[in-house]
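Engineer: Quick one: structure below, then a few questions.
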Amino acid sequence: MADSTGHAVVTGGSSGIGLAVVGRLLGRGIDVTVLDTRPIAARPGPPGDAALREYLVDVTDEKAVSEALDDATEQAGTVPGLLVTSHGIRGEFAPALDLDLAAFRRVYDVHVTGTLVAARSLVRCLERASGGTSPGGSVVTVSSTTAYGGWANQADYGVAKAAIRQLTQNLAVEWAPQGIRVNGVAPGHTLTPMVQEMIDQGYDIAATEARTPLGRLCTPDEMAAAIEFLLLDATFSTGVCMPVDGGWTAVGK
Ligand SMILES: NC(=O)c1ccc[n+]([C@@H]2O[C@H](COP(=O)([O-])OP(=O)(O)OC[C@H]3O[C@@H](n4cnc5c(N)ncnc54)[C@H](O)[C@@H]3O)[C@@H](O)[C@H]2O)c1
């Protein structure tokens with residue numbers, strides 16, 4: 001079987017940060033398999049020979065994720081050794097006293113269970129392909145600046161993102177002996193369809209820009225560049241959750 005670093009899986013790869021990651025990886029000649037509940041509108045990035053495959057699956061459905069990865073492995077002729085988990089949904093943005101518990105559980109499930117399901121499905125794939133001993137791999141999760149400190153009205157989303165940050169460290173320690181690195185990014189506000197929807201609904205983005213030392217939002221491609229670095233180039237980093245936030249978490253007041 002061909003080199004597993006030539007095949008990447010991107011959850012949430014149909015939109016926003018995930019889509020920008022897909023474009024960058026295709027640009028490096030890496031085959032990409034997207035797992036998302038929505039289809040990709042158009043192939044991102046420069047034209048090239050790398051293959052793009054997509055599967056419409058909910059990342060919380062472990063059987064569907066596992067079947068998709070098995071099929072992608074067969075189609076590509078290469079087990080995926082790279083994973084970026086960029087799927088996600090918004091929280092209710094409501095006070096803790098008003099949170100609907102079913103919605104709270106769904107936010108946690110999509111973000112945290114979905115990240116675990118995608119990561120362990122990939123590692124199982126790698127182990128099956130190499131007869132029980134993993135040939136190594138690299139995972140990048142997507143947390144958030146809301147995982148750092150307390151934010152009002154974020155008891156659902158912020159808690160889920162803090163759990164992803166913790167999960168990143170746990171998996172990094174567990175899988176280091178197999179040569180699998182697990183890192184994460186903690187994005188600040190990035191202008192994706194998720195944030196555009198918030199702006200359209202009246203979110204005060206000018207206040208966010210003013211609070212950000214670099215004074216602006218991140219672009220999806222800037223976020224994808226940081227993810228690409230951790231995924232492919234930061235070969236002695238594991239268990240790191242790197243803020244990519246224009247200095248937001250660095251502010252001391
Ligand atoms: N944009 C930001 O400012 C920002 C900041 C911090 C963290 N994040 C995180 O970055 C990640 C990407 O967000 P984005 O801004 O690109 O949003 P986005 O809405 O543009 O993309 C998210 C993608 O995830 C997919 N998705 C949602 N639920 C899914 C599920 N159950 N199974 C499979 N796919 C699913 C959506 O269909 C969508 O394509 C999310 O985890 C988000 O929480 C974003």
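The way I read the labels, and the way they are meant: chains A, B, ... in the order of the structure tokens, residue 1 as the first residue of every chain, and ligand 1 as the first ligand shown, with later ones counted on from there.
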Which residues, written as a PyMOL selection string, have at least one atom at most 12 Å from Arg28 in chain A, with only C-alpha atoms counted and residues fewer than 3 positions away on the same chain left out?

Structural biologist: chain A and resi 5-8+21-25+31-32+45-51+228+232

Engineer: Counting only C-alpha atoms and all ligand atoms, name the residues that have an atom within 6 Å of an atom of ligand 1; the answer should be given as a ChimeraX atom specification.

Structural biologist: /A:11-18,35-38,57-60,86-89,110,142-144,187-195

Engineer: Could you save those same residues with N, CA and C atoms as a tab-separated table (two decimals), in the first residue's frame?

Structural biologist:
chain	number	residue	atom	x	y	z
A	11	THR	N	-12.81	16.40	8.22
A	11	THR	CA	-14.22	16.49	8.61
A	11	THR	C	-14.64	17.96	8.54
A	12	GLY	N	-15.88	18.20	8.15
A	12	GLY	CA	-16.33	19.59	7.97
A	12	GLY	C	-15.62	20.25	6.80
A	13	GLY	N	-15.14	19.45	5.86
A	13	GLY	CA	-14.34	19.98	4.75
A	13	GLY	C	-15.14	20.65	3.64
A	14	SER	N	-16.46	20.72	3.80
A	14	SER	CA	-17.28	21.34	2.74
A	14	SER	C	-17.41	22.84	2.88
A	15	SER	N	-16.94	23.39	4.00
A	15	SER	CA	-17.18	24.82	4.24
A	15	SER	C	-16.07	25.42	5.11
A	16	GLY	N	-15.92	26.72	5.00
A	16	GLY	CA	-15.12	27.51	5.94
A	16	GLY	C	-13.67	27.05	6.08
A	17	ILE	N	-13.25	26.85	7.32
A	17	ILE	CA	-11.86	26.50	7.62
A	17	ILE	C	-11.52	25.14	7.00
A	18	GLY	N	-12.42	24.17	7.11
A	18	GLY	CA	-12.17	22.85	6.56
A	18	GLY	C	-11.96	22.90	5.06
A	35	LEU	N	-15.43	14.31	4.99
A	35	LEU	CA	-16.62	13.79	5.67
A	35	LEU	C	-17.42	14.99	6.16
A	36	ASP	N	-18.63	15.14	5.67
A	36	ASP	CA	-19.44	16.31	6.03
A	36	ASP	C	-20.90	15.93	5.82
A	37	THR	N	-21.78	16.65	6.48
A	37	THR	CA	-23.22	16.43	6.26
A	37	THR	C	-23.71	17.18	5.02
A	38	ARG	N	-22.86	18.08	4.51
A	38	ARG	CA	-23.25	18.86	3.31
A	38	ARG	C	-22.22	18.63	2.22
A	57	VAL	N	-21.69	12.16	5.67
A	57	VAL	CA	-21.90	11.44	6.93
A	57	VAL	C	-21.89	12.43	8.09
A	58	ASP	N	-22.61	12.02	9.13
A	58	ASP	CA	-22.58	12.75	10.39
A	58	ASP	C	-21.44	12.15	11.22
A	59	VAL	N	-20.52	12.99	11.67
A	59	VAL	CA	-19.32	12.47	12.36
A	59	VAL	C	-19.63	11.79	13.69
A	60	THR	N	-20.83	11.97	14.20
A	60	THR	CA	-21.16	11.28	15.46
A	60	THR	C	-21.59	9.83	15.20
A	86	SER	N	-12.50	19.51	11.38
A	86	SER	CA	-12.97	20.89	11.31
A	86	SER	C	-14.49	20.99	11.21
A	87	HIS	N	-15.18	19.90	11.60
A	87	HIS	CA	-16.65	19.97	11.61
A	87	HIS	C	-17.09	20.80	12.83
A	88	GLY	N	-18.28	21.34	12.79
A	88	GLY	CA	-18.76	22.05	13.97
A	88	GLY	C	-20.08	22.74	13.73
A	89	ILE	N	-20.76	23.01	14.84
A	89	ILE	CA	-22.02	23.77	14.79
A	89	ILE	C	-21.96	24.85	15.87
A	110	VAL	N	-21.66	16.66	18.75
A	110	VAL	CA	-21.06	16.93	17.43
A	110	VAL	C	-19.58	17.26	17.60
A	142	VAL	N	-9.85	20.95	16.05
A	142	VAL	CA	-10.19	22.39	16.04
A	142	VAL	C	-10.96	22.73	17.31
A	143	SER	N	-10.27	23.45	18.20
A	143	SER	CA	-10.87	23.93	19.44
A	143	SER	C	-11.35	25.37	19.19
A	144	SER	N	-11.07	26.28	20.12
A	144	SER	CA	-11.53	27.67	19.97
A	144	SER	C	-10.93	28.51	21.08
A	187	PRO	N	-8.95	28.54	17.13
A	187	PRO	CA	-9.15	29.73	16.29
A	187	PRO	C	-9.80	30.88	17.04
A	188	GLY	N	-9.35	32.08	16.71
A	188	GLY	CA	-10.13	33.27	17.01
A	188	GLY	C	-11.15	33.45	15.90
A	189	HIS	N	-11.88	34.56	15.93
A	189	HIS	CA	-12.95	34.77	14.94
A	189	HIS	C	-12.39	34.74	13.52
A	190	THR	N	-12.93	33.88	12.71
A	190	THR	CA	-12.47	33.65	11.34
A	190	THR	C	-13.68	33.82	10.42
A	191	LEU	N	-13.49	34.57	9.35
A	191	LEU	CA	-14.66	34.92	8.52
A	191	LEU	C	-15.07	33.74	7.63
A	192	THR	N	-15.89	32.86	8.18
A	192	THR	CA	-16.43	31.69	7.49
A	192	THR	C	-17.95	31.84	7.44
A	193	PRO	N	-18.64	30.94	6.73
A	193	PRO	CA	-20.11	31.01	6.73
A	193	PRO	C	-20.71	30.99	8.15
A	194	MET	N	-20.03	30.25	9.09
A	194	MET	CA	-20.55	30.21	10.46
A	194	MET	C	-20.55	31.60	11.10
A	195	VAL	N	-19.46	32.33	10.91
A	195	VAL	CA	-19.35	33.67	11.50
A	195	VAL	C	-20.17	34.69	10.70

Engineer: Out of range 46-251 of chain A, which residues get strand (DSSP E or B) from DSSP, as a list in words?

Structural biologist: Leu52, Arg53, Glu54, Tyr55, Leu56, Leu82, Leu83, Val84, Thr85, Gly137, Ser138, Val139, Val140, Thr141, Val142, Ile180, Arg181, Val182, Asn183, Gly184, Val185, Ala186, Pro187, Thr190, Cys218, Cys241, Met242, Pro243 and Val244 of chain A

Engineer: Deliver the residues from the most recent selection as a file, using C-alpha atoms, as a compact mmCIF listing (two decimals), in the first residue's frame.

Structural biologist:
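Dumped to selection.txt:
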# COMPACT_ATOMS: atom_id res chain seq x y z
CA LEU A 52 -10.91 14.72 -3.85
CA ARG A 53 -13.57 12.34 -2.49
CA GLU A 54 -16.54 13.21 -0.30
CA TYR A 55 -18.89 11.23 1.91
CA LEU A 56 -22.10 12.68 3.34
CA LEU A 82 -3.66 12.48 8.15
CA LEU A 83 -6.81 13.91 9.76
CA VAL A 84 -8.19 17.40 10.38
CA THR A 85 -11.40 17.61 12.40
CA GLY A 137 0.11 9.60 11.39
CA SER A 138 -0.93 13.13 12.25
CA VAL A 139 -4.19 14.63 13.54
CA VAL A 140 -5.20 18.28 13.99
CA THR A 141 -8.33 19.07 15.99
CA VAL A 142 -10.19 22.39 16.04
CA ILE A 180 0.79 9.41 15.80
CA ARG A 181 0.95 13.14 16.59
CA VAL A 182 -2.23 14.88 17.80
CA ASN A 183 -2.31 18.68 17.91
CA GLY A 184 -5.03 21.31 17.75
CA VAL A 185 -5.70 24.90 16.82
CA ALA A 186 -7.79 27.30 18.87
CA PRO A 187 -9.15 29.73 16.29
CA THR A 190 -12.47 33.65 11.34
CA CYS A 218 -8.70 35.77 10.52
CA CYS A 241 -3.36 23.39 21.16
CA MET A 242 -2.17 26.51 19.36
CA PRO A 243 -4.20 29.72 19.55
CA VAL A 244 -4.48 31.32 16.11

Engineer: Do a neighbour search on Val112 in chain A at 8 Å with only C-alpha atoms, toss out local chain neighbours closer than 4 positions, and write the hits as a list in words.

Structural biologist: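 Here the qualifying residues turn out to be Tyr108, Leu116, Ala160, Lys161, Ala163 and Ile164 of chain A.
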
Engineer: Select, from A:Ala250, A:Ala20, A:Ala41, A:Val10, the residue with the minimum atom-to-atom distance to Met223 in chain A, counting only C-alpha atoms.

Structural biologist: A:Ala20

Engineer: Once DSSP has gone over the backbone, tell me which residues of range 139-191 of chain A are in helix (DSSP H, G or I), as a list in words.

Structural biologist: Thr145, Thr146, Ala147, Tyr157, Gly158, Val159, Ala160, Lys161, Ala162, Ala163, Ile164, Arg165, Gln166, Leu167, Thr168, Gln169, Asn170, Leu171, Ala172, Val173, Glu174, Trp175, Ala176, Pro177 and Gln178 of chain A
